[in-house]
file entry07.cif (mmCIF, C-alpha atoms)
data_protein
#
loop_
_atom_site.label_atom_id
_atom_site.label_comp_id
_atom_site.auth_asym_id
_atom_site.auth_seq_id
_atom_site.Cartn_x
_atom_site.Cartn_y
_atom_site.Cartn_z
CA MET A 1 22.81 70.08 -32.80
CA PRO A 2 23.16 71.90 -36.15
CA GLU A 3 24.09 75.55 -36.11
CA THR A 4 20.71 76.51 -37.41
CA GLU A 5 19.16 75.10 -34.25
CA VAL A 6 17.99 78.23 -32.55
CA SER A 7 17.95 79.08 -28.90
CA VAL A 8 15.16 77.58 -26.87
CA HIS A 9 12.06 79.71 -26.76
CA VAL A 10 9.50 79.32 -24.08
CA CYS A 11 5.94 80.28 -24.69
CA ASP A 12 5.07 83.22 -22.50
CA ALA A 13 3.09 82.05 -19.46
CA ALA A 14 0.68 84.99 -19.70
CA VAL A 15 -0.15 84.22 -23.34
CA THR A 16 -0.59 80.56 -22.45
CA LEU A 17 -2.98 81.63 -19.70
CA ALA A 18 -4.93 83.84 -22.11
CA PHE A 19 -5.34 80.99 -24.59
CA SER A 20 -6.46 78.58 -21.88
CA VAL A 21 -9.69 80.56 -22.28
CA LEU A 22 -9.55 82.07 -25.77
CA GLY A 23 -7.99 79.06 -27.47
CA LYS A 24 -11.15 77.14 -26.85
CA ARG A 25 -13.51 77.29 -29.79
CA TRP A 26 -16.38 79.83 -29.49
CA ASN A 27 -15.19 81.60 -26.34
CA GLY A 28 -13.83 84.66 -28.13
CA MET A 29 -16.96 84.92 -30.22
CA ILE A 30 -19.23 84.61 -27.20
CA VAL A 31 -17.36 87.39 -25.38
CA ALA A 32 -17.38 89.59 -28.49
CA THR A 33 -21.11 89.03 -28.95
CA LEU A 34 -21.83 89.94 -25.32
CA GLY A 35 -19.87 93.12 -26.02
CA GLY A 36 -23.10 94.23 -27.70
CA GLY A 37 -24.91 94.03 -24.37
CA ARG A 38 -26.78 91.67 -22.08
CA SER A 39 -28.22 88.73 -23.93
CA SER A 40 -30.53 85.77 -23.40
CA PHE A 41 -29.38 82.24 -24.15
CA ALA A 42 -31.58 82.11 -27.24
CA ALA A 43 -30.28 85.41 -28.61
CA LEU A 44 -26.69 84.31 -28.02
CA ARG A 45 -27.30 81.06 -29.81
CA ARG A 46 -28.69 82.90 -32.82
CA ALA A 47 -25.75 85.32 -32.81
CA VAL A 48 -22.99 82.75 -32.58
CA ASP A 49 -23.60 80.94 -35.83
CA GLY A 50 -23.08 77.20 -35.75
CA ILE A 51 -22.87 76.61 -31.98
CA SER A 52 -25.10 73.94 -30.43
CA ASP A 53 -27.22 74.37 -27.29
CA THR A 54 -25.05 71.96 -25.33
CA VAL A 55 -21.77 73.56 -26.28
CA LEU A 56 -23.06 77.09 -25.68
CA SER A 57 -24.32 76.01 -22.28
CA ASP A 58 -20.94 74.50 -21.39
CA ARG A 59 -19.05 77.55 -22.60
CA LEU A 60 -21.26 79.94 -20.66
CA SER A 61 -20.70 77.94 -17.48
CA GLU A 62 -16.93 77.98 -18.00
CA LEU A 63 -16.86 81.68 -18.83
CA ALA A 64 -18.90 82.40 -15.70
CA GLN A 65 -16.51 80.28 -13.65
CA THR A 66 -13.48 82.16 -14.97
CA GLY A 67 -15.25 85.41 -14.12
CA LEU A 68 -15.67 86.81 -17.63
CA ILE A 69 -19.46 86.74 -17.68
CA ALA A 70 -22.26 86.96 -15.14
CA ARG A 71 -25.53 85.10 -15.26
CA THR A 72 -28.68 86.79 -14.00
CA VAL A 73 -31.93 85.03 -13.25
CA GLU A 74 -35.05 87.17 -13.03
CA ALA A 75 -38.04 85.59 -11.35
CA GLY A 76 -40.91 85.53 -13.80
CA PRO A 77 -43.21 84.48 -14.84
CA PRO A 78 -41.71 83.62 -17.13
CA VAL A 79 -38.33 83.11 -15.51
CA SER A 80 -35.70 84.86 -17.57
CA VAL A 81 -31.99 84.10 -17.65
CA SER A 82 -29.53 86.51 -19.17
CA TYR A 83 -25.79 86.82 -19.56
CA GLU A 84 -23.54 89.85 -19.60
CA LEU A 85 -19.85 90.63 -19.44
CA THR A 86 -18.21 91.39 -16.13
CA GLU A 87 -15.61 94.14 -15.85
CA SER A 88 -12.98 91.49 -16.51
CA GLY A 89 -14.78 90.34 -19.66
CA ARG A 90 -15.24 93.92 -20.84
CA GLY A 91 -11.48 94.36 -20.59
CA LEU A 92 -11.16 91.98 -23.53
CA LEU A 93 -13.33 94.05 -25.87
CA PRO A 94 -10.71 96.54 -27.11
CA ILE A 95 -8.32 93.64 -27.68
CA LEU A 96 -10.95 91.67 -29.60
CA ASP A 97 -11.58 94.78 -31.67
CA GLN A 98 -7.89 94.91 -32.58
CA LEU A 99 -7.92 91.19 -33.38
CA GLY A 100 -10.84 91.80 -35.72
CA ARG A 101 -8.98 94.60 -37.50
CA TRP A 102 -5.90 92.42 -37.81
CA ALA A 103 -8.00 89.56 -39.22
CA THR A 104 -9.70 91.82 -41.76
CA ALA A 105 -6.33 93.07 -42.96
CA ASN A 106 -4.51 89.74 -42.90
CA LEU A 107 -6.83 86.79 -43.31
CA ALA A 108 -8.88 85.90 -46.34
CA PRO A 109 -12.47 84.93 -45.56
CA GLN A 110 -12.96 81.21 -46.06
CA ALA A 111 -13.87 80.21 -49.58
CA HIS A 112 -17.53 79.55 -50.26
CA MET B 1 -41.03 86.81 -26.17
CA PRO B 2 -40.50 88.22 -22.65
CA GLU B 3 -39.51 91.85 -22.31
CA THR B 4 -36.11 90.87 -21.02
CA GLU B 5 -35.38 89.25 -24.38
CA VAL B 6 -32.73 91.56 -25.74
CA SER B 7 -32.16 92.73 -29.26
CA VAL B 8 -30.46 90.29 -31.58
CA HIS B 9 -26.70 90.55 -31.55
CA VAL B 10 -24.60 89.26 -34.36
CA CYS B 11 -21.08 88.19 -33.74
CA ASP B 12 -18.77 90.55 -35.59
CA ALA B 13 -17.55 88.90 -38.80
CA ALA B 14 -14.00 90.18 -38.30
CA VAL B 15 -13.78 88.66 -34.81
CA THR B 16 -15.21 85.41 -36.14
CA LEU B 17 -12.52 85.45 -38.81
CA ALA B 18 -9.79 86.07 -36.23
CA PHE B 19 -10.97 83.13 -34.13
CA SER B 20 -11.11 80.84 -37.16
CA VAL B 21 -7.35 80.86 -36.61
CA LEU B 22 -6.84 81.80 -32.96
CA GLY B 23 -9.75 79.80 -31.59
CA LYS B 24 -7.93 76.64 -32.54
CA ARG B 25 -5.92 75.21 -29.68
CA TRP B 26 -2.16 76.00 -29.76
CA ASN B 27 -2.19 78.49 -32.64
CA GLY B 28 -1.90 81.58 -30.46
CA MET B 29 0.87 79.97 -28.43
CA ILE B 30 2.79 78.94 -31.54
CA VAL B 31 2.62 82.48 -32.95
CA ALA B 32 3.65 83.99 -29.60
CA THR B 33 6.57 81.58 -29.33
CA LEU B 34 7.76 82.44 -32.84
CA GLY B 35 7.66 86.07 -31.72
CA GLY B 36 10.94 85.18 -30.02
CA GLY B 37 12.51 84.51 -33.41
CA ARG B 38 13.00 81.83 -36.03
CA SER B 39 12.72 78.34 -34.60
CA SER B 40 13.26 74.73 -35.55
CA PHE B 41 10.48 72.19 -35.19
CA ALA B 42 12.23 70.59 -32.21
CA ALA B 43 12.70 73.91 -30.40
CA LEU B 44 9.07 74.84 -31.02
CA ARG B 45 7.92 71.53 -29.66
CA ARG B 46 9.92 72.06 -26.49
CA ALA B 47 8.61 75.61 -26.12
CA VAL B 48 4.92 74.80 -26.55
CA ASP B 49 4.44 72.54 -23.59
CA GLY B 50 2.10 69.62 -24.10
CA ILE B 51 1.76 69.67 -27.89
CA SER B 52 2.40 66.45 -29.83
CA ASP B 53 4.54 66.15 -32.98
CA THR B 54 1.53 65.41 -35.14
CA VAL B 55 -0.55 68.30 -33.90
CA LEU B 56 2.37 70.76 -34.09
CA SER B 57 3.04 69.62 -37.64
CA ASP B 58 -0.63 70.11 -38.59
CA ARG B 59 -0.79 73.53 -36.97
CA LEU B 60 2.40 74.71 -38.67
CA SER B 61 1.01 73.66 -42.06
CA GLU B 62 -2.23 75.51 -41.40
CA LEU B 63 -0.47 78.63 -40.14
CA ALA B 64 1.75 78.61 -43.22
CA GLN B 65 -1.31 78.22 -45.43
CA THR B 66 -3.02 81.19 -43.80
CA GLY B 67 0.16 83.20 -44.32
CA LEU B 68 1.11 83.75 -40.68
CA ILE B 69 4.35 81.82 -40.74
CA ALA B 70 6.96 80.89 -43.33
CA ARG B 71 8.87 77.63 -43.55
CA THR B 72 12.49 77.66 -44.71
CA VAL B 73 14.45 74.61 -45.75
CA GLU B 74 18.21 74.93 -45.80
CA ALA B 75 20.06 72.28 -47.77
CA GLY B 76 22.44 70.50 -45.46
CA PRO B 77 23.86 68.27 -44.63
CA PRO B 78 22.08 68.04 -42.37
CA VAL B 79 18.93 69.50 -43.95
CA SER B 80 17.46 72.06 -41.61
CA VAL B 81 13.88 73.26 -41.50
CA SER B 82 12.90 76.37 -39.62
CA TYR B 83 9.82 78.47 -39.08
CA GLU B 84 9.38 82.18 -38.60
CA LEU B 85 6.59 84.72 -38.54
CA THR B 86 5.65 86.59 -41.69
CA GLU B 87 4.79 90.29 -41.55
CA SER B 88 1.17 89.25 -41.13
CA GLY B 89 2.06 87.00 -38.20
CA ARG B 90 4.20 89.69 -36.59
CA GLY B 91 1.17 91.98 -36.70
CA LEU B 92 -0.37 89.75 -34.04
CA LEU B 93 2.45 90.15 -31.53
CA PRO B 94 1.41 93.44 -29.92
CA ILE B 95 -2.14 92.10 -29.63
CA LEU B 96 -0.93 88.86 -28.04
CA ASP B 97 1.10 90.95 -25.63
CA GLN B 98 -2.04 92.80 -24.60
CA LEU B 99 -3.91 89.51 -24.24
CA GLY B 100 -1.16 88.29 -21.94
CA ARG B 101 -1.42 91.39 -19.79
CA TRP B 102 -5.17 91.04 -19.65
CA ALA B 103 -4.84 87.38 -18.65
CA THR B 104 -2.32 88.15 -15.92
CA ALA B 105 -4.63 90.78 -14.46
CA ASN B 106 -7.89 88.85 -14.86
CA LEU B 107 -7.38 85.10 -14.89
CA ALA B 108 -6.16 82.93 -12.07
CA PRO B 109 -3.52 80.39 -13.09
CA GLN B 110 -5.00 76.91 -13.02
CA ALA B 111 -4.87 75.20 -9.69
CA HIS B 112 -2.05 72.72 -9.16
#
call {"tool": "encode", "arguments": {"input": "entry07.cif", "output": "structure tokens"}}
result
Amino acid sequence: MPETEVSVHVCDAAVTLAFSVLGKRWNGMIVATLGGGRSSFAALRRAVDGISDTVLSDRLSELAQTGLIARTVEAGPPVSVSYELTESGRGLLPILDQLGRWATANLAPQAH
Amino acid sequence: MPETEVSVHVCDAAVTLAFSVLGKRWNGMIVATLGGGRSSFAALRRAVDGISDTVLSDRLSELAQTGLIARTVEAGPPVSVSYELTESGRGLLPILDQLGRWATANLAPQAH
């Protein structure tokens, strides 16, 4: 082993856990969007540019299962389904805000 | 449009930008691992459990291109290649730390 071989690092378990949710495409953006308030499926789909119905549906189910969002069904007519952050999900908002500030300062927007 | 249809939200451009990097599997974990210091490819691969050589290599190239990490080649023999965070990458560390704390408090580790 050459001398420049550095000591073994181990990725922090807590960070790994965080990215089991946030390292999945769209999840961070869905949570950030719901930070603006309760939203219908259609409004979410419009807000999260580029996501498909199927993928948004899958992501919402997963985020509900991990306890970050809650789904509410109001009997109609017409029946209305909406999504909002839970307390756990809201706990991410100040961190997402900091991530946004970091990105603005450190990442160049993708070229046109 | 039913009355429960909420106002249109738009996902914050800065958060979208942040997740153009962090919403890609492994990137957050690679940055967090390099928070422990300069690392060789082999040490990184051991630290980020489950990643393949090819994917790690791709991610390191992308992270270097976005300016989060720097690659150093030391003439040998043997030639040694190592990776470390740039100032931009180090700016993520306190935010990743907060994400880890949030995850520990809010997410259940995956079932065995």
call {"tool": "resolve_selection", "arguments": {"input": "entry07.cif", "expression": "the PyMOL selection byres ((chain A and resi 78-81) around 9)", "output": "VMD selection string"}}
result
(chain A and resid 39 to 41 71 to 77 82 to 83) or (chain B and resid 2 4 to 5)
call {"tool": "atom_distance", "arguments": {"input": "entry07.cif", "atom1": "atom CA of Gly35 of chain A", "atom2": "atom CA of Ser57 of chain A"}}
result
18.1 Å
call {"tool": "residues_around", "arguments": {"input": "entry07.cif", "residues": "Leu17 of chain B", "least_positions_apart": "2", "cutoff": "9 Å", "atoms": "all atoms listed in the file", "output": "VMD selection string"}}
result
(chain A and resid 100 103 to 104 107 to 110) or (chain B and resid 12 to 15 19 to 22)
call {"tool": "resolve_selection", "arguments": {"input": "entry07.cif", "expression": "the PyMOL selection byres ((chain B and resi 69) around 7)", "output": "list in words"}}
result
Leu63, Ala64, Gly67, Leu68, Ala70, Arg71, Tyr83, Glu84, Leu85, Thr86 and Gly89 of chain B
call {"tool": "atom_distance", "arguments": {"input": "entry07.cif", "atom1": "atom CA of Asp49 of chain A", "atom2": "atom CA of Asp97 of chain A"}}
result
18.8 Å
call {"tool": "calpha_fit_and_write", "arguments": {"input": "entry07.cif", "fixed": "chain B", "moving": "chain A", "output": "PDB file with C-alpha atoms, keeping the file's coordinate frame"}}
result
ATOM      1  CA  MET A   1     -41.027  86.927 -26.340  1.00  0.00           C
ATOM      2  CA  PRO A   2     -40.522  88.257 -22.785  1.00  0.00           C
ATOM      3  CA  GLU A   3     -39.493  91.855 -22.355  1.00  0.00           C
ATOM      4  CA  THR A   4     -36.131  90.824 -21.062  1.00  0.00           C
ATOM      5  CA  GLU A   5     -35.398  89.220 -24.419  1.00  0.00           C
ATOM      6  CA  VAL A   6     -32.762  91.518 -25.768  1.00  0.00           C
ATOM      7  CA  SER A   7     -32.184  92.667 -29.288  1.00  0.00           C
ATOM      8  CA  VAL A   8     -30.461  90.227 -31.576  1.00  0.00           C
ATOM      9  CA  HIS A   9     -26.709  90.508 -31.532  1.00  0.00           C
ATOM     10  CA  VAL A  10     -24.607  89.213 -34.323  1.00  0.00           C
ATOM     11  CA  CYS A  11     -21.067  88.174 -33.720  1.00  0.00           C
ATOM     12  CA  ASP A  12     -18.770  90.520 -35.568  1.00  0.00           C
ATOM     13  CA  ALA A  13     -17.549  88.891 -38.791  1.00  0.00           C
ATOM     14  CA  ALA A  14     -13.998  90.170 -38.280  1.00  0.00           C
ATOM     15  CA  VAL A  15     -13.783  88.655 -34.788  1.00  0.00           C
ATOM     16  CA  THR A  16     -15.212  85.407 -36.127  1.00  0.00           C
ATOM     17  CA  LEU A  17     -12.521  85.456 -38.806  1.00  0.00           C
ATOM     18  CA  ALA A  18      -9.803  86.079 -36.214  1.00  0.00           C
ATOM     19  CA  PHE A  19     -10.959  83.133 -34.110  1.00  0.00           C
ATOM     20  CA  SER A  20     -11.114  80.834 -37.126  1.00  0.00           C
ATOM     21  CA  VAL A  21      -7.341  80.860 -36.598  1.00  0.00           C
ATOM     22  CA  LEU A  22      -6.816  81.802 -32.949  1.00  0.00           C
ATOM     23  CA  GLY A  23      -9.729  79.802 -31.573  1.00  0.00           C
ATOM     24  CA  LYS A  24      -7.942  76.646 -32.524  1.00  0.00           C
ATOM     25  CA  ARG A  25      -5.921  75.235 -29.668  1.00  0.00           C
ATOM     26  CA  TRP A  26      -2.156  76.006 -29.755  1.00  0.00           C
ATOM     27  CA  ASN A  27      -2.195  78.500 -32.628  1.00  0.00           C
ATOM     28  CA  GLY A  28      -1.892  81.587 -30.438  1.00  0.00           C
ATOM     29  CA  MET A  29       0.877  79.986 -28.438  1.00  0.00           C
ATOM     30  CA  ILE A  30       2.780  78.946 -31.547  1.00  0.00           C
ATOM     31  CA  VAL A  31       2.617  82.485 -32.956  1.00  0.00           C
ATOM     32  CA  ALA A  32       3.640  83.984 -29.606  1.00  0.00           C
ATOM     33  CA  THR A  33       6.568  81.576 -29.341  1.00  0.00           C
ATOM     34  CA  LEU A  34       7.763  82.432 -32.857  1.00  0.00           C
ATOM     35  CA  GLY A  35       7.643  86.055 -31.715  1.00  0.00           C
ATOM     36  CA  GLY A  36      10.938  85.182 -30.022  1.00  0.00           C
ATOM     37  CA  GLY A  37      12.508  84.504 -33.410  1.00  0.00           C
ATOM     38  CA  ARG A  38      13.013  81.821 -36.028  1.00  0.00           C
ATOM     39  CA  SER A  39      12.722  78.357 -34.595  1.00  0.00           C
ATOM     40  CA  SER A  40      13.250  74.726 -35.554  1.00  0.00           C
ATOM     41  CA  PHE A  41      10.460  72.189 -35.196  1.00  0.00           C
ATOM     42  CA  ALA A  42      12.197  70.601 -32.219  1.00  0.00           C
ATOM     43  CA  ALA A  43      12.687  73.914 -30.419  1.00  0.00           C
ATOM     44  CA  LEU A  44       9.050  74.845 -31.018  1.00  0.00           C
ATOM     45  CA  ARG A  45       7.889  71.540 -29.653  1.00  0.00           C
ATOM     46  CA  ARG A  46       9.918  72.054 -26.491  1.00  0.00           C
ATOM     47  CA  ALA A  47       8.592  75.604 -26.112  1.00  0.00           C
ATOM     48  CA  VAL A  48       4.924  74.816 -26.558  1.00  0.00           C
ATOM     49  CA  ASP A  49       4.439  72.567 -23.571  1.00  0.00           C
ATOM     50  CA  GLY A  50       2.114  69.635 -24.084  1.00  0.00           C
ATOM     51  CA  ILE A  51       1.757  69.690 -27.888  1.00  0.00           C
ATOM     52  CA  SER A  52       2.393  66.471 -29.822  1.00  0.00           C
ATOM     53  CA  ASP A  53       4.542  66.154 -32.956  1.00  0.00           C
ATOM     54  CA  THR A  54       1.519  65.416 -35.118  1.00  0.00           C
ATOM     55  CA  VAL A  55      -0.543  68.318 -33.874  1.00  0.00           C
ATOM     56  CA  LEU A  56       2.363  70.766 -34.087  1.00  0.00           C
ATOM     57  CA  SER A  57       3.018  69.619 -37.633  1.00  0.00           C
ATOM     58  CA  ASP A  58      -0.632  70.130 -38.585  1.00  0.00           C
ATOM     59  CA  ARG A  59      -0.773  73.545 -36.954  1.00  0.00           C
ATOM     60  CA  LEU A  60       2.398  74.717 -38.665  1.00  0.00           C
ATOM     61  CA  SER A  61       1.012  73.669 -42.042  1.00  0.00           C
ATOM     62  CA  GLU A  62      -2.243  75.533 -41.396  1.00  0.00           C
ATOM     63  CA  LEU A  63      -0.472  78.636 -40.125  1.00  0.00           C
ATOM     64  CA  ALA A  64       1.752  78.607 -43.212  1.00  0.00           C
ATOM     65  CA  GLN A  65      -1.313  78.238 -45.421  1.00  0.00           C
ATOM     66  CA  THR A  66      -3.029  81.210 -43.785  1.00  0.00           C
ATOM     67  CA  GLY A  67       0.159  83.208 -44.296  1.00  0.00           C
ATOM     68  CA  LEU A  68       1.113  83.772 -40.659  1.00  0.00           C
ATOM     69  CA  ILE A  69       4.352  81.804 -40.744  1.00  0.00           C
ATOM     70  CA  ALA A  70       6.963  80.893 -43.330  1.00  0.00           C
ATOM     71  CA  ARG A  71       8.852  77.645 -43.544  1.00  0.00           C
ATOM     72  CA  THR A  72      12.463  77.663 -44.696  1.00  0.00           C
ATOM     73  CA  VAL A  73      14.412  74.615 -45.760  1.00  0.00           C
ATOM     74  CA  GLU A  74      18.190  74.908 -45.824  1.00  0.00           C
ATOM     75  CA  ALA A  75      20.034  72.257 -47.781  1.00  0.00           C
ATOM     76  CA  GLY A  76      22.406  70.469 -45.453  1.00  0.00           C
ATOM     77  CA  PRO A  77      23.834  68.290 -44.624  1.00  0.00           C
ATOM     78  CA  PRO A  78      22.033  68.030 -42.405  1.00  0.00           C
ATOM     79  CA  VAL A  79      18.907  69.485 -43.962  1.00  0.00           C
ATOM     80  CA  SER A  80      17.447  72.055 -41.620  1.00  0.00           C
ATOM     81  CA  VAL A  81      13.856  73.257 -41.508  1.00  0.00           C
ATOM     82  CA  SER A  82      12.892  76.372 -39.628  1.00  0.00           C
ATOM     83  CA  TYR A  83       9.803  78.468 -39.079  1.00  0.00           C
ATOM     84  CA  GLU A  84       9.378  82.188 -38.600  1.00  0.00           C
ATOM     85  CA  LEU A  85       6.585  84.727 -38.542  1.00  0.00           C
ATOM     86  CA  THR A  86       5.655  86.601 -41.680  1.00  0.00           C
ATOM     87  CA  GLU A  87       4.798  90.295 -41.541  1.00  0.00           C
ATOM     88  CA  SER A  88       1.173  89.266 -41.117  1.00  0.00           C
ATOM     89  CA  GLY A  89       2.051  86.997 -38.190  1.00  0.00           C
ATOM     90  CA  ARG A  90       4.208  89.690 -36.604  1.00  0.00           C
ATOM     91  CA  GLY A  91       1.188  91.984 -36.674  1.00  0.00           C
ATOM     92  CA  LEU A  92      -0.378  89.751 -34.033  1.00  0.00           C
ATOM     93  CA  LEU A  93       2.462  90.153 -31.534  1.00  0.00           C
ATOM     94  CA  PRO A  94       1.409  93.450 -29.917  1.00  0.00           C
ATOM     95  CA  ILE A  95      -2.131  92.098 -29.621  1.00  0.00           C
ATOM     96  CA  LEU A  96      -0.908  88.859 -28.040  1.00  0.00           C
ATOM     97  CA  ASP A  97       1.131  90.956 -25.633  1.00  0.00           C
ATOM     98  CA  GLN A  98      -2.022  92.810 -24.592  1.00  0.00           C
ATOM     99  CA  LEU A  99      -3.889  89.512 -24.247  1.00  0.00           C
ATOM    100  CA  GLY A 100      -1.133  88.286 -21.949  1.00  0.00           C
ATOM    101  CA  ARG A 101      -1.392  91.403 -19.784  1.00  0.00           C
ATOM    102  CA  TRP A 102      -5.158  91.045 -19.636  1.00  0.00           C
ATOM    103  CA  ALA A 103      -4.824  87.371 -18.651  1.00  0.00           C
ATOM    104  CA  THR A 104      -2.301  88.146 -15.916  1.00  0.00           C
ATOM    105  CA  ALA A 105      -4.625  90.764 -14.463  1.00  0.00           C
ATOM    106  CA  ASN A 106      -7.867  88.833 -14.862  1.00  0.00           C
ATOM    107  CA  LEU A 107      -7.356  85.092 -14.888  1.00  0.00           C
ATOM    108  CA  ALA A 108      -6.128  82.935 -12.057  1.00  0.00           C
ATOM    109  CA  PRO A 109      -3.488  80.397 -13.067  1.00  0.00           C
ATOM    110  CA  GLN A 110      -4.948  76.904 -13.035  1.00  0.00           C
ATOM    111  CA  ALA A 111      -4.775  75.166  -9.693  1.00  0.00           C
ATOM    112  CA  HIS A 112      -1.965  72.682  -9.220  1.00  0.00           C
TER     113      HIS A 112
END
call {"tool": "atom_distance", "arguments": {"input": "entry07.cif", "atom1": "atom CA of Val31 of chain A", "atom2": "atom CA of Gly91 of chain A"}}
result
10.3 Å
call {"tool": "decode", "arguments": {"input": "entry07.cif", "residues": "segment 38-53 of chain B", "atoms": "N, CA and C atoms", "output": "mmCIF file, in the first residue's frame"}}
result
data_model
loop_
_atom_site.group_PDB
_atom_site.id
_atom_site.type_symbol
_atom_site.label_atom_id
_atom_site.label_comp_id
_atom_site.auth_asym_id
_atom_site.auth_seq_id
_atom_site.Cartn_x
_atom_site.Cartn_y
_atom_site.Cartn_z
ATOM 1 N N ARG B 38 -8.652 13.762 2.296
ATOM 2 C CA ARG B 38 -8.222 13.273 0.989
ATOM 3 C C ARG B 38 -8.261 11.746 0.956
ATOM 4 N N SER B 39 -8.646 11.208 -0.183
ATOM 5 C CA SER B 39 -8.842 9.760 -0.252
ATOM 6 C C SER B 39 -8.430 9.209 -1.613
ATOM 7 N N SER B 40 -7.923 8.011 -1.615
ATOM 8 C CA SER B 40 -7.649 7.329 -2.879
ATOM 9 C C SER B 40 -8.954 6.743 -3.418
ATOM 10 N N PHE B 41 -8.917 6.349 -4.673
ATOM 11 C CA PHE B 41 -10.083 5.707 -5.281
ATOM 12 C C PHE B 41 -10.466 4.450 -4.501
ATOM 13 N N ALA B 42 -9.463 3.641 -4.184
ATOM 14 C CA ALA B 42 -9.738 2.366 -3.502
ATOM 15 C C ALA B 42 -10.359 2.595 -2.125
ATOM 16 N N ALA B 43 -9.848 3.586 -1.400
ATOM 17 C CA ALA B 43 -10.387 3.862 -0.059
ATOM 18 C C ALA B 43 -11.817 4.387 -0.155
ATOM 19 N N LEU B 44 -12.055 5.223 -1.170
ATOM 20 C CA LEU B 44 -13.418 5.734 -1.369
ATOM 21 C C LEU B 44 -14.384 4.597 -1.669
ATOM 22 N N ARG B 45 -13.918 3.696 -2.511
ATOM 23 C CA ARG B 45 -14.791 2.589 -2.904
ATOM 24 C C ARG B 45 -15.152 1.725 -1.691
ATOM 25 N N ARG B 46 -14.177 1.535 -0.812
ATOM 26 C CA ARG B 46 -14.462 0.767 0.402
ATOM 27 C C ARG B 46 -15.427 1.521 1.315
ATOM 28 N N ALA B 47 -15.288 2.843 1.336
ATOM 29 C CA ALA B 47 -16.079 3.640 2.282
ATOM 30 C C ALA B 47 -17.535 3.774 1.836
ATOM 31 N N VAL B 48 -17.744 3.870 0.525
ATOM 32 C CA VAL B 48 -19.108 4.052 0.023
ATOM 33 C C VAL B 48 -19.644 2.674 -0.348
ATOM 34 N N ASP B 49 -20.280 2.080 0.605
ATOM 35 C CA ASP B 49 -20.678 0.678 0.502
ATOM 36 C C ASP B 49 -21.686 0.451 -0.617
ATOM 37 N N GLY B 50 -21.347 -0.451 -1.524
ATOM 38 C CA GLY B 50 -22.308 -0.837 -2.558
ATOM 39 C C GLY B 50 -22.065 -0.203 -3.910
ATOM 40 N N ILE B 51 -21.161 0.771 -3.987
ATOM 41 C CA ILE B 51 -20.926 1.439 -5.270
ATOM 42 C C ILE B 51 -19.958 0.595 -6.103
ATOM 43 N N SER B 52 -20.134 0.614 -7.421
ATOM 44 C CA SER B 52 -19.225 -0.137 -8.294
ATOM 45 C C SER B 52 -18.086 0.772 -8.764
ATOM 46 N N ASP B 53 -17.014 0.186 -9.255
ATOM 47 C CA ASP B 53 -15.887 0.956 -9.789
ATOM 48 C C ASP B 53 -16.329 1.932 -10.871
#
